[in-house]
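Peer 1: Below is the file work_36.tsv, with TSV, C-alpha atoms.
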chain	number	residue	atom	x	y	z
A	1	MET	CA	-27.50	-39.49	11.10
A	2	LYS	CA	-24.02	-40.40	9.90
A	3	ASN	CA	-21.33	-37.82	10.54
A	4	THR	CA	-19.84	-36.03	7.55
A	5	THR	CA	-16.42	-37.45	6.71
A	6	VAL	CA	-13.85	-34.77	5.93
A	7	ALA	CA	-10.34	-35.26	4.56
A	8	PHE	CA	-8.15	-32.15	4.91
A	9	TYR	CA	-5.00	-31.89	2.77
A	10	SER	CA	-2.38	-29.69	4.46
A	11	GLN	CA	1.07	-28.84	3.11
A	12	HIS	CA	3.33	-26.29	4.77
A	13	LEU	CA	6.56	-25.78	2.84
A	14	ILE	CA	8.42	-22.94	4.61
A	15	GLY	CA	7.02	-21.73	7.93
A	16	VAL	CA	4.41	-23.12	10.30
A	17	GLY	CA	1.54	-20.68	9.77
A	18	HIS	CA	-0.42	-22.82	7.33
A	19	HIS	CA	-0.11	-25.83	9.62
A	20	PHE	CA	-1.45	-24.01	12.68
A	21	ARG	CA	-4.40	-22.51	10.79
A	22	ASN	CA	-5.28	-25.91	9.34
A	23	ARG	CA	-4.93	-27.55	12.74
A	24	GLN	CA	-7.31	-24.97	14.22
A	25	ILE	CA	-9.87	-25.77	11.51
A	26	VAL	CA	-9.73	-29.56	11.85
A	27	ASN	CA	-9.88	-29.35	15.64
A	28	GLU	CA	-13.17	-27.49	15.17
A	29	LEU	CA	-14.47	-29.77	12.41
A	30	VAL	CA	-14.06	-32.86	14.57
A	31	LYS	CA	-16.82	-31.60	16.88
A	32	THR	CA	-19.42	-32.73	14.34
A	33	CYS	CA	-17.45	-34.56	11.60
A	34	ASP	CA	-15.16	-37.55	11.22
A	35	VAL	CA	-11.89	-35.84	10.28
A	36	PHE	CA	-8.74	-37.12	8.58
A	37	PHE	CA	-5.79	-34.71	8.53
A	38	ILE	CA	-3.47	-35.42	5.60
A	39	ASP	CA	-0.18	-33.77	6.56
A	40	GLY	CA	2.57	-33.37	3.97
A	41	GLY	CA	4.91	-31.02	5.86
A	42	ARG	CA	7.76	-31.56	8.28
A	43	PRO	CA	6.71	-32.21	11.87
A	44	VAL	CA	5.92	-29.14	13.96
A	45	PRO	CA	7.01	-29.40	17.63
A	46	GLU	CA	4.20	-29.57	20.18
A	47	ALA	CA	1.52	-29.10	17.53
A	48	ASP	CA	-0.88	-31.79	18.69
A	49	LEU	CA	-4.21	-32.47	17.06
A	50	ASP	CA	-7.44	-33.26	18.85
A	51	GLU	CA	-7.25	-36.96	19.70
A	52	ARG	CA	-10.39	-37.58	17.63
A	53	VAL	CA	-8.63	-36.42	14.43
A	54	THR	CA	-6.92	-39.15	12.42
A	55	ARG	CA	-3.58	-38.01	11.03
A	56	ILE	CA	-2.32	-39.41	7.73
A	57	SER	CA	1.33	-38.48	7.24
A	58	LEU	CA	2.85	-38.16	3.79
A	59	PRO	CA	6.63	-38.22	3.24
A	60	PRO	CA	7.32	-34.58	4.14
A	61	LEU	CA	8.38	-31.90	1.67
A	62	ARG	CA	9.77	-28.41	2.11
A	63	THR	CA	10.96	-25.58	-0.11
A	64	GLY	CA	14.67	-25.67	-0.88
A	65	ALA	CA	17.00	-23.65	-3.09
A	66	GLN	CA	15.83	-25.50	-6.20
A	67	GLY	CA	12.12	-25.77	-5.33
A	68	ILE	CA	10.36	-28.48	-3.38
A	69	GLU	CA	12.56	-31.18	-1.89
A	70	PRO	CA	12.19	-34.07	0.57
A	71	VAL	CA	12.87	-33.23	4.19
A	72	ASP	CA	14.85	-36.49	4.23
A	73	LYS	CA	17.78	-35.44	2.07
A	74	GLU	CA	18.76	-39.07	1.47
A	75	ARG	CA	15.59	-39.70	-0.52
A	76	ASP	CA	15.00	-39.09	-4.22
A	77	LEU	CA	12.30	-36.50	-4.93
A	78	GLN	CA	10.57	-38.54	-7.63
A	79	ALA	CA	10.44	-41.61	-5.39
A	80	VAL	CA	8.94	-39.50	-2.61
A	81	MET	CA	6.34	-38.06	-4.99
A	82	ARG	CA	5.32	-41.54	-6.13
A	83	GLU	CA	4.94	-42.68	-2.54
A	84	ARG	CA	2.89	-39.61	-1.67
A	85	GLN	CA	0.56	-40.21	-4.62
A	86	SER	CA	0.12	-43.84	-3.63
A	87	ARG	CA	-0.74	-42.91	-0.05
A	88	LEU	CA	-3.19	-40.25	-1.18
A	89	SER	CA	-5.00	-42.69	-3.49
A	90	GLU	CA	-5.14	-45.28	-0.70
A	91	ALA	CA	-6.51	-42.66	1.67
A	92	MET	CA	-9.33	-41.74	-0.71
A	93	GLU	CA	-10.23	-45.40	-1.14
A	94	GLN	CA	-10.21	-46.17	2.58
A	95	ILE	CA	-11.83	-42.94	3.82
A	96	CYS	CA	-14.24	-42.26	0.94
A	97	PRO	CA	-14.72	-38.70	2.26
A	98	ASP	CA	-17.83	-36.65	1.76
A	99	VAL	CA	-15.70	-33.50	1.72
A	100	PHE	CA	-12.10	-33.03	0.57
A	101	CYS	CA	-10.56	-29.72	1.70
A	102	VAL	CA	-7.42	-28.62	-0.11
A	103	GLU	CA	-5.45	-25.83	1.51
A	104	PHE	CA	-4.22	-22.93	-0.69
A	105	PHE	CA	-4.25	-24.78	-4.04
A	106	PRO	CA	-4.81	-23.72	-6.84
A	107	PHE	CA	-3.83	-20.20	-5.72
A	108	SER	CA	-0.38	-21.63	-4.95
A	109	ARG	CA	1.28	-25.05	-4.47
A	110	TRP	CA	1.51	-25.42	-8.28
A	111	SER	CA	4.47	-27.78	-7.92
A	112	LEU	CA	2.04	-30.23	-6.28
A	113	LYS	CA	-0.65	-29.84	-8.92
A	114	SER	CA	-0.32	-33.38	-10.25
A	115	GLU	CA	-0.80	-35.16	-6.92
A	116	ILE	CA	-3.69	-32.91	-5.88
A	117	LEU	CA	-5.64	-33.20	-9.13
A	118	ASN	CA	-4.99	-36.94	-9.37
A	119	THR	CA	-6.35	-37.31	-5.84
A	120	ILE	CA	-9.48	-35.32	-6.71
A	121	VAL	CA	-10.02	-37.45	-9.83
A	122	ARG	CA	-9.66	-40.64	-7.78
A	123	LEU	CA	-12.11	-39.33	-5.17
A	124	ASN	CA	-14.65	-38.52	-7.88
A	125	GLU	CA	-14.38	-42.11	-9.13
A	126	ILE	CA	-14.95	-43.48	-5.63
A	127	ASN	CA	-17.57	-41.00	-4.45
A	128	PRO	CA	-19.01	-38.87	-7.29
A	129	GLY	CA	-21.07	-36.87	-4.81
A	130	ALA	CA	-18.08	-35.67	-2.74
A	131	LYS	CA	-17.53	-31.93	-2.37
A	132	VAL	CA	-14.08	-30.47	-3.04
A	133	LEU	CA	-13.34	-27.20	-1.23
A	134	CYS	CA	-10.45	-24.77	-1.48
A	135	SER	CA	-9.38	-23.57	1.98
A	136	LEU	CA	-7.72	-20.19	1.40
A	137	ARG	CA	-6.12	-17.73	3.81
A	138	ASP	CA	-7.32	-14.13	3.75
A	139	ILE	CA	-4.76	-13.04	1.12
A	140	PRO	CA	-3.59	-15.41	-1.63
A	141	THR	CA	-0.59	-14.85	-3.87
A	142	ARG	CA	-1.15	-11.34	-5.23
A	143	ALA	CA	-1.49	-10.60	-8.94
A	144	LYS	CA	0.91	-8.02	-10.36
A	145	SER	CA	-1.98	-6.14	-12.00
A	146	ASP	CA	-5.33	-6.91	-13.60
A	147	VAL	CA	-3.84	-6.98	-17.12
A	148	LEU	CA	-3.69	-10.26	-19.04
A	149	GLN	CA	-2.89	-9.02	-22.55
A	150	PRO	CA	-0.30	-6.53	-23.88
A	151	THR	CA	-1.79	-3.05	-24.12
A	152	VAL	CA	1.03	-1.27	-25.98
A	153	ALA	CA	2.33	-2.15	-29.45
A	154	LEU	CA	6.10	-2.51	-29.22
A	155	ALA	CA	6.59	-1.19	-32.76
A	156	GLN	CA	5.11	2.15	-31.75
A	157	ARG	CA	7.59	2.68	-28.94
A	158	ARG	CA	10.77	4.61	-29.73
A	159	ASP	CA	12.50	5.59	-26.51
A	160	GLY	CA	14.99	3.18	-24.98
A	161	ASP	CA	13.63	3.27	-21.43
A	162	ALA	CA	10.15	2.31	-22.57
A	163	MET	CA	11.57	-0.45	-24.76
A	164	ARG	CA	13.35	-1.92	-21.74
A	165	PHE	CA	10.09	-1.72	-19.76
A	166	TYR	CA	8.01	-3.58	-22.33
A	167	SER	CA	10.51	-5.66	-24.29
A	168	VAL	CA	10.86	-9.43	-24.06
A	169	PRO	CA	14.56	-9.40	-25.18
A	170	PHE	CA	15.37	-6.80	-22.49
A	171	GLY	CA	13.49	-8.83	-19.88
A	172	GLY	CA	11.07	-5.94	-19.42
A	173	ILE	CA	9.18	-5.90	-16.13
A	174	HIS	CA	5.90	-5.29	-17.94
A	175	HIS	CA	6.41	-8.48	-19.93
A	176	GLU	CA	7.25	-10.39	-16.73
A	177	TYR	CA	4.08	-9.11	-15.06
A	178	LEU	CA	1.96	-10.17	-18.03
A	179	ALA	CA	3.56	-13.62	-18.08
A	180	PHE	CA	2.95	-14.05	-14.33
A	181	ASN	CA	-0.65	-12.83	-14.59
A	182	GLN	CA	-1.41	-15.15	-17.50
A	183	ARG	CA	-0.01	-18.15	-15.70
A	184	TYR	CA	-1.76	-17.22	-12.45
A	185	TYR	CA	-5.12	-16.90	-14.20
A	186	GLU	CA	-4.68	-20.20	-16.06
A	187	GLU	CA	-3.59	-22.09	-12.94
A	188	VAL	CA	-6.52	-20.85	-10.86
A	189	VAL	CA	-9.70	-20.19	-12.83
A	190	PRO	CA	-9.99	-23.34	-15.01
A	191	VAL	CA	-8.91	-25.58	-12.12
A	192	LEU	CA	-11.44	-24.12	-9.69
A	193	ASN	CA	-14.25	-24.31	-12.22
A	194	GLN	CA	-13.48	-27.90	-13.21
A	195	TYR	CA	-12.45	-29.57	-9.96
A	196	PHE	CA	-13.79	-27.56	-7.00
A	197	ASP	CA	-17.22	-26.84	-5.52
A	198	ALA	CA	-16.47	-23.72	-3.44
A	199	VAL	CA	-13.72	-21.45	-2.15
A	200	MET	CA	-13.63	-20.74	1.59
A	201	VAL	CA	-11.70	-17.52	2.24
A	202	HIS	CA	-10.58	-17.45	5.87
A	203	GLY	CA	-10.83	-13.69	6.26
A	204	ASP	CA	-13.25	-10.85	6.81
A	205	SER	CA	-14.42	-9.02	3.69
A	206	GLN	CA	-14.45	-5.78	5.71
A	207	LEU	CA	-10.65	-5.91	5.74
A	208	SER	CA	-9.79	-7.67	2.49
A	209	ARG	CA	-11.65	-9.21	-0.43
A	210	LEU	CA	-10.39	-11.85	-2.84
A	211	GLU	CA	-10.68	-9.45	-5.78
A	212	ASP	CA	-8.20	-7.11	-4.07
A	213	HIS	CA	-5.54	-9.71	-4.86
A	214	PHE	CA	-6.97	-11.87	-7.64
A	215	PRO	CA	-8.74	-9.44	-10.00
A	216	TRP	CA	-10.49	-12.09	-12.14
A	217	VAL	CA	-12.95	-13.29	-9.50
A	218	ALA	CA	-15.85	-12.72	-11.91
A	219	ASP	CA	-14.57	-15.66	-13.99
A	220	ILE	CA	-14.74	-18.05	-11.03
A	221	GLY	CA	-17.96	-20.00	-11.43
A	222	ILE	CA	-18.24	-21.51	-7.94
A	223	PRO	CA	-19.33	-19.92	-4.64
A	224	ILE	CA	-16.81	-17.84	-2.67
A	225	ILE	CA	-17.50	-17.91	1.06
A	226	TYR	CA	-15.91	-15.62	3.66
A	227	THR	CA	-15.65	-17.57	6.91
A	228	GLY	CA	-14.06	-14.89	9.07
A	229	PHE	CA	-10.53	-15.21	10.44
A	230	VAL	CA	-9.36	-18.52	11.87
A	231	SER	CA	-8.03	-17.56	15.28
A	232	GLU	CA	-6.78	-19.50	18.26
A	233	LYS	CA	-8.90	-18.58	21.27
A	234	LEU	CA	-7.62	-17.24	24.58
A	235	GLU	CA	-10.22	-18.93	26.77
A	236	ASN	CA	-8.80	-18.79	30.31
A	237	ALA	CA	-5.14	-18.52	29.40
A	238	SER	CA	-3.05	-17.93	32.52
A	239	ARG	CA	0.31	-16.20	32.68
A	240	PRO	CA	2.94	-18.60	31.28
A	241	ASP	CA	5.25	-20.27	33.78
A	242	GLY	CA	8.42	-18.27	34.19
A	243	ALA	CA	7.12	-15.18	32.39
A	244	PRO	CA	8.66	-11.89	33.59
A	245	ASN	CA	6.37	-9.41	35.28
A	246	ARG	CA	6.72	-7.07	32.28
A	247	TYR	CA	8.11	-7.93	28.88
A	248	VAL	CA	8.15	-7.22	25.16
A	249	LEU	CA	7.57	-10.29	22.97
A	250	VAL	CA	9.55	-10.89	19.75
A	251	SER	CA	8.53	-13.81	17.53
A	252	ALA	CA	9.73	-15.08	14.16
A	253	GLY	CA	7.17	-17.74	13.22
A	254	GLY	CA	8.89	-20.70	11.57
A	255	GLY	CA	12.22	-18.90	11.73
A	256	ALA	CA	13.12	-18.76	8.03
A	257	GLU	CA	13.86	-15.05	8.45
A	258	GLY	CA	14.41	-15.14	12.18
A	259	LEU	CA	17.93	-13.71	12.21
A	260	ALA	CA	17.00	-10.68	10.10
A	261	LEU	CA	14.05	-9.82	12.35
A	262	VAL	CA	15.39	-10.64	15.80
A	263	ALA	CA	18.94	-9.22	15.64
A	264	PRO	CA	17.80	-5.58	15.21
A	265	CYS	CA	15.31	-6.06	18.05
A	266	ILE	CA	18.09	-7.22	20.37
A	267	GLU	CA	20.26	-4.25	19.43
A	268	ALA	CA	17.33	-1.86	19.89
A	269	TRP	CA	16.63	-3.31	23.34
A	270	LYS	CA	20.28	-2.84	24.33
A	271	GLN	CA	20.03	0.78	23.17
A	272	LEU	CA	16.88	1.33	25.25
A	273	ALA	CA	18.61	-0.29	28.24
A	274	GLN	CA	21.50	2.19	27.93
A	275	ASP	CA	18.91	4.99	27.93
A	276	ASN	CA	17.28	3.52	31.07
A	277	ALA	CA	14.02	3.21	29.13
A	278	LEU	CA	13.09	-0.42	29.84
A	279	ASN	CA	11.07	0.31	33.01
A	280	GLY	CA	11.79	-3.13	34.41
A	281	ARG	CA	10.85	-4.98	31.22
A	282	GLU	CA	12.67	-7.92	29.63
A	283	MET	CA	12.64	-9.00	25.99
A	284	VAL	CA	11.25	-12.50	25.42
A	285	ILE	CA	12.23	-13.98	22.05
A	286	PHE	CA	10.87	-16.99	20.17
A	287	ALA	CA	13.27	-17.20	17.24
A	288	GLY	CA	11.41	-19.83	15.18
A	289	ALA	CA	10.73	-23.55	15.23
A	290	PHE	CA	12.89	-24.18	12.15
A	291	ILE	CA	15.54	-21.48	12.56
A	292	GLU	CA	19.00	-22.62	11.49
A	293	GLU	CA	21.14	-23.69	14.42
A	294	LYS	CA	23.95	-21.26	13.56
A	295	HIS	CA	21.46	-18.37	13.42
A	296	PHE	CA	19.95	-19.30	16.77
A	297	GLU	CA	23.37	-19.52	18.40
A	298	ALA	CA	24.34	-16.15	16.91
A	299	LEU	CA	21.20	-14.56	18.39
A	300	ARG	CA	21.79	-16.16	21.76
A	301	ALA	CA	25.34	-14.83	21.77
A	302	LEU	CA	24.03	-11.37	20.84
A	303	CYS	CA	21.74	-11.45	23.86
A	304	GLY	CA	24.70	-12.09	26.17
A	305	ASP	CA	23.72	-11.71	29.80
A	306	GLY	CA	21.33	-8.83	29.12
A	307	PRO	CA	17.59	-8.57	29.91
A	308	PHE	CA	16.64	-11.26	27.38
A	309	ARG	CA	15.03	-14.69	27.29
A	310	ILE	CA	15.41	-16.55	24.02
A	311	GLU	CA	13.90	-19.87	22.90
A	312	ARG	CA	13.09	-21.39	19.54
A	313	PHE	CA	9.40	-22.13	20.04
A	314	THR	CA	6.52	-22.42	22.49
A	315	SER	CA	3.21	-24.22	22.19
A	316	ASN	CA	1.72	-21.62	24.57
A	317	PHE	CA	2.41	-18.62	22.34
A	318	LEU	CA	-1.00	-16.96	22.63
A	319	ALA	CA	-0.71	-16.75	26.41
A	320	TRP	CA	2.75	-15.20	26.07
A	321	MET	CA	1.27	-12.59	23.75
A	322	LYS	CA	-1.71	-11.91	26.00
A	323	TYR	CA	0.50	-10.87	28.92
A	324	ALA	CA	3.07	-8.93	26.86
A	325	ASP	CA	3.24	-5.14	26.84
A	326	LEU	CA	4.14	-5.21	23.13
A	327	SER	CA	4.52	-7.77	20.32
A	328	ILE	CA	7.10	-7.50	17.52
A	329	SER	CA	6.76	-9.92	14.63
A	330	ARG	CA	6.39	-10.50	10.93
A	331	ALA	CA	2.89	-10.00	9.51
A	332	GLY	CA	1.98	-13.62	8.83
A	333	TYR	CA	-1.63	-14.75	9.08
A	334	ASN	CA	-1.45	-16.59	12.41
A	335	THR	CA	0.57	-13.99	14.27
A	336	CYS	CA	-1.72	-11.20	13.08
A	337	MET	CA	-4.72	-13.23	14.23
A	338	ASN	CA	-3.04	-13.55	17.64
A	339	VAL	CA	-2.60	-9.77	17.67
A	340	LEU	CA	-6.29	-9.25	16.85
A	341	GLU	CA	-7.35	-11.82	19.46
A	342	THR	CA	-5.25	-10.39	22.29
A	343	GLN	CA	-5.43	-6.73	21.16
A	344	VAL	CA	-1.85	-6.25	22.28
A	345	PRO	CA	0.04	-3.25	20.83
A	346	SER	CA	2.26	-4.54	18.05
A	347	ILE	CA	5.00	-3.69	15.60
A	348	LEU	CA	4.82	-5.59	12.32
A	349	VAL	CA	7.80	-6.03	10.01
A	350	PRO	CA	6.31	-7.68	6.90
A	351	SER	CA	8.42	-10.20	5.02
A	352	ILE	CA	9.41	-9.14	1.51
A	353	ALA	CA	9.34	-12.80	0.44
A	354	MET	CA	5.67	-13.19	1.45
A	355	ASP	CA	3.56	-10.85	-0.66
A	356	ASP	CA	0.49	-11.12	1.60
A	357	GLN	CA	2.25	-9.63	4.60
A	358	GLU	CA	2.69	-6.00	3.59
A	359	PHE	CA	-0.98	-5.68	2.59
A	360	ARG	CA	-2.11	-7.24	5.88
A	361	ALA	CA	0.25	-5.10	7.93
A	362	GLN	CA	-0.92	-1.89	6.28
A	363	LYS	CA	-4.56	-2.82	6.92
A	364	LEU	CA	-3.89	-3.42	10.63
A	365	MET	CA	-1.96	-0.17	10.84
A	366	GLY	CA	-4.99	1.58	9.33
A	367	LEU	CA	-7.12	0.20	12.17
A	368	GLY	CA	-4.68	1.65	14.69
A	369	ILE	CA	-3.79	-1.83	15.92
A	370	ALA	CA	-0.17	-1.99	14.76
A	371	GLY	CA	2.83	0.06	13.83
A	372	VAL	CA	4.67	-1.03	10.70
A	373	ILE	CA	8.37	-0.94	9.85
A	374	HIS	CA	9.40	-1.77	6.30
A	375	PRO	CA	11.98	-4.58	6.34
A	376	ASP	CA	14.46	-2.38	4.45
A	377	GLN	CA	14.33	0.11	7.37
A	378	ILE	CA	14.67	-2.23	10.32
A	379	GLY	CA	17.79	-0.74	11.92
A	380	ALA	CA	18.24	-0.72	15.69
A	381	GLY	CA	17.59	3.03	15.96
A	382	LYS	CA	14.30	2.92	14.09
A	383	MET	CA	13.20	-0.16	16.03
A	384	ALA	CA	14.05	1.45	19.38
A	385	LYS	CA	12.03	4.53	18.47
A	386	ALA	CA	9.06	2.40	17.35
A	387	ILE	CA	9.17	0.36	20.58
A	388	GLY	CA	9.09	3.50	22.67
A	389	GLU	CA	6.17	4.94	20.72
A	390	MET	CA	4.06	1.77	20.71
A	391	LEU	CA	4.53	1.18	24.45
A	392	GLU	CA	2.78	4.51	25.01
A	393	ARG	CA	-0.22	3.67	22.82
A	394	SER	CA	-3.47	1.94	23.58
A	395	VAL	CA	-5.06	-0.30	20.98
A	396	PRO	CA	-8.64	0.41	19.83
A	397	GLU	CA	-11.24	-2.35	19.74
A	398	HIS	CA	-12.06	-3.93	16.42
A	399	HIS	CA	-15.16	-5.67	15.12
A	400	LEU	CA	-13.68	-8.16	12.68
A	401	SER	CA	-15.09	-11.68	12.46
A	402	MET	CA	-12.74	-14.01	14.36
A	403	ASP	CA	-14.72	-17.26	14.40
A	404	GLY	CA	-13.53	-18.62	11.05
A	405	ALA	CA	-13.02	-22.21	12.20
A	406	GLU	CA	-16.57	-22.42	13.55
A	407	GLN	CA	-18.04	-20.84	10.43
A	408	THR	CA	-16.04	-23.27	8.29
A	409	ARG	CA	-17.56	-26.19	10.17
A	410	GLU	CA	-21.06	-24.74	9.84
A	411	PHE	CA	-20.60	-24.22	6.10
A	412	ILE	CA	-19.39	-27.80	5.60
A	413	ASP	CA	-22.22	-29.19	7.74
A	414	SER	CA	-24.84	-27.16	5.87
A	415	GLY	CA	-23.68	-28.44	2.49
A	416	THR	CA	-23.57	-32.13	3.38
A	417	ARG	CA	-26.68	-32.72	5.49
What's the structure tokens form of this structure?
Peer 2:
Amino acid sequence: MKNTTVAFYSQHLIGVGHHFRNRQIVNELVKTCDVFFIDGGRPVPEADLDERVTRISLPPLRTGAQGIEPVDKERDLQAVMRERQSRLSEAMEQICPDVFCVEFFPFSRWSLKSEILNTIVRLNEINPGAKVLCSLRDIPTRAKSDVLQPTVALAQRRDGDAMRFYSVPFGGIHHEYLAFNQRYYEEVVPVLNQYFDAVMVHGDSQLSRLEDHFPWVADIGIPIIYTGFVSEKLENASRPDGAPNRYVLVSAGGGAEGLALVAPCIEAWKQLAQDNALNGREMVIFAGAFIEEKHFEALRALCGDGPFRIERFTSNFLAWMKYADLSISRAGYNTCMNVLETQVPSILVPSIAMDDQEFRAQKLMGLGIAGVIHPDQIGAGKMAKAIGEMLERSVPEHHLSMDGAEQTREFIDSGTR
């Protein structure tokens, strides 16, 4: 029997979390499928694919101050978009996939709507029987409320504060929420129902359901499948070369907010050192693959000659976490999956810019797995106190589904054979 051919469209724009989750999925899919990984983000160091996966690279994009922009600043955005569309169309024609997986869209990536929908249309012309699947992390962009229509007549309001809350001329927050909700609904529901065959949510419904974040799930007319969390596996991970005997691990993902997270951790560690509270531990820091050079140098200078080891990135991160006494990080998907996999005590500082992170962090705190510090309260004193408390705690076992990549492969296989 012919293997199922899968094309997987992946586009990370800020950090590296989406890329690593997608890589984990395609490295599992290739066990039974012919897999083509269509990568539209900037290269991630040491992020190798299984040699059986065919990579198709698009001219890379990232998020800049004015929206999406080419990673190559010498190139014109419109020219890059035309080249990307051409390569995507060629890929559909050459691969003729049985399954086209699109990561995150239409729950986000709206700036890439044209190239994605054009690619789906071209695939349908080439292979009308192909399945189009949305590959979605556990928590999509979160709706502001479940309201789509105004519920209060402006003419009936008299007090100034309420007018500012509801009024369009005053830029009322209620009006902004309604406008966002309406756009979110219109970008997601009609697109899913017209162009897609199923949504794969890479989470566990015990912890979070799609309707917790997108309240109009009842209007989605295609199957919604919970695959479990996509998690890198420990296997027989040995202690990393050069790892201290005892250490606290600080990590900043892609590094977009690395300075804001890591600097208070360094200051807290210095404070604990003055109090003779380190007990022989060092602080190991991975400041982020894409952290700005000036920010990395500032952090390295802040470390001085103290009990610190600082690098930008490691491809062996899970092993570093496994042998740590404590992990301190943002609450992104991949890092939280690492925390669940290793069951290491952790402190999560969710990013304000990423609206999935606070929800995820609070859920893990509710399981007793993590302590949480709000990013507005991340001073050295509060961090030092939290480190001391978490180092004294044990982490309870959990029973969440962590085999999301395998379940994704089984779902794709079951629908195409």
Peer 1: Kindly extract all protein, DNA and RNA residues lying within 10 Å of the coordinates (17.2, -1.8, 11.3) given in the file, considering all atoms listed in the file, and supply them as a list in words.
Peer 2: Ala260, Leu261, Ala263, Pro264, Cys265, Glu267, Ala268, Ile373, His374, Pro375, Asp376, Gln377, Ile378, Gly379, Ala380, Gly381, Lys382, Met383 and Ala384 of chain A
Peer 1: Given all atoms listed in the file as the basis, pick out the residue of A:Gln362, A:Ser57, A:Asn22, A:Thr5 nearest to A:Phe229.
Peer 2: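 Nearest candidate to A:Phe229 out of A:Gln362, A:Ser57, A:Asn22, A:Thr5: A:Asn22.
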Peer 1: List the spatial neighbours of stretch 251-253 of chain A as a list in words - criterion: any atom at most 7 Å away, only C-alpha atoms, same-chain residues fewer than 6 positions off excluded.
Peer 2: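 Contacts, with the query itself left out: Gly15, Val16, Ile285, Phe286, Ala287, Gly288, Ile328, Ser329 and Arg330 of chain A.
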Peer 1: Which residue, A:Cys336, A:Ile126, A:Pro70, A:Thr32, has the smallest gap to A:Ser89 when you use all atoms listed in the file?
Peer 2: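 Among A:Cys336, A:Ile126, A:Pro70, A:Thr32, it is A:Ile126 that comes nearest to A:Ser89.
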Peer 1: Looking at A:Pro350, A:Ala65, A:Val44, A:Val99, which one is nearest to A:Ser414, with distances taken over all atoms listed in the file?
Peer 2: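 Closest to A:Ser414 of all the choices is A:Val99.
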Peer 1: Rounded to one decimal in Å, what is the spacing between atom CA of A:Asp325 and atom CA of A:Met390?
Peer 2: 9.3 Å
Peer 1: Which residue is closest to A:Lys144? Choose from A:Gln343, A:Ala289, A:Ala301, A:Asp355 and count all atoms listed in the file.
Peer 2: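 Of the candidates, the smallest distance to A:Lys144 is held by A:Asp355.
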Peer 1: For A:Glu341, find every residue with an atom within 9 Å (counting only C-alpha atoms), except residues of its own chain fewer than 6 positions away, and show them as a PDB file with C-alpha atoms, keeping the file's coordinate frame.
Peer 2:
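What landed in around.pdb:
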ATOM      1  CA  SER A 231      -8.030 -17.560  15.280  1.00  0.00           C
ATOM      2  CA  GLU A 232      -6.780 -19.500  18.260  1.00  0.00           C
ATOM      3  CA  LYS A 233      -8.900 -18.580  21.270  1.00  0.00           C
ATOM      4  CA  LEU A 234      -7.620 -17.240  24.580  1.00  0.00           C
ATOM      5  CA  LEU A 318      -1.000 -16.960  22.630  1.00  0.00           C
ATOM      6  CA  LYS A 322      -1.710 -11.910  26.000  1.00  0.00           C
ATOM      7  CA  MET A 402     -12.740 -14.010  14.360  1.00  0.00           C
TER       8      MET A 402
END
Peer 1: Which residue out of A:Ala143, A:Leu278, A:Val262, A:Leu133 has the minimum interatomic distance to A:Ile222 when all atoms listed in the file are used?
Peer 2: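 Looking only at the distances to A:Ile222, the closest residue turns out to be A:Leu133.
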Peer 1: Give me, as a ChimeraX atom specification, all polymer residues having an atom no more than 10 Å from A:Asp241, counting all atoms listed in the file and skipping those fewer than 3 positions away in the same chain.
Peer 2: /A:238,244,316,320
Peer 1: Using all atoms listed in the file for the distances, tell me which of A:Leu136, A:Met200, A:Val188, A:Ile369 is nearest to A:Val217.
Peer 2: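 Once distances to A:Val217 are computed over all atoms listed in the file, the minimum belongs to A:Val188.
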Peer 1: Calculate how many Å separate atom CA of A:Phe20 from atom CA of A:Asp138, rounding to one decimal.
Peer 2: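 Atom CA of A:Asp138 lies at a distance of 14.6 Å from atom CA of A:Phe20.
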Peer 1: Can you pull out the residues contacting A:Gln182? Cut-off 10 Å, using all atoms listed in the file, and skip same-chain residues under 2 positions away; I want them as a list of chain:residue names.
Peer 2: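 With the cut-off at 10 Å, the set is A:Ala143, A:Asp146, A:Val147, A:Leu148, A:Gln149, A:Glu176, A:Tyr177, A:Leu178, A:Ala179, A:Phe180, A:Tyr184, A:Tyr185, A:Glu186, A:Glu187.
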Peer 1: Might you pull out every residue within 6 Å of A:Ser135, with all atoms listed in the file counted and same-chain residues fewer than 4 positions away left off, and present them as a list of chain:residue names?
Peer 2: A:Val102, A:Glu103, A:Phe104, A:Met200
Peer 1: How far is it from atom CA of A:Gln206 to atom CA of A:Gly404, in Å with one decimal?
Peer 2: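 It comes out at 13.9 Å.
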Peer 1: Generate N, CA and C atoms for stretch 329-333 of chain A and emit them as a PDB file, keeping the file's coordinate frame.
Peer 2:
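What ended up in rebuild_27.pdb:
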ATOM      1  N   SER A 329       6.802  -8.699  15.433  1.00  0.00           N
ATOM      2  CA  SER A 329       6.760  -9.920  14.630  1.00  0.00           C
ATOM      3  C   SER A 329       6.708  -9.586  13.152  1.00  0.00           C
ATOM      4  N   ARG A 330       6.775 -10.613  12.321  1.00  0.00           N
ATOM      5  CA  ARG A 330       6.390 -10.500  10.930  1.00  0.00           C
ATOM      6  C   ARG A 330       4.876 -10.304  10.877  1.00  0.00           C
ATOM      7  N   ALA A 331       4.329 -10.245   9.656  1.00  0.00           N
ATOM      8  CA  ALA A 331       2.890 -10.000   9.510  1.00  0.00           C
ATOM      9  C   ALA A 331       2.195 -11.206   8.895  1.00  0.00           C
ATOM     10  N   GLY A 332       2.636 -12.407   9.297  1.00  0.00           N
ATOM     11  CA  GLY A 332       1.980 -13.620   8.830  1.00  0.00           C
ATOM     12  C   GLY A 332       0.566 -13.745   9.375  1.00  0.00           C
ATOM     13  N   TYR A 333      -0.206 -14.600   8.743  1.00  0.00           N
ATOM     14  CA  TYR A 333      -1.630 -14.750   9.080  1.00  0.00           C
ATOM     15  C   TYR A 333      -1.816 -15.061  10.562  1.00  0.00           C
TER      16      TYR A 333
END
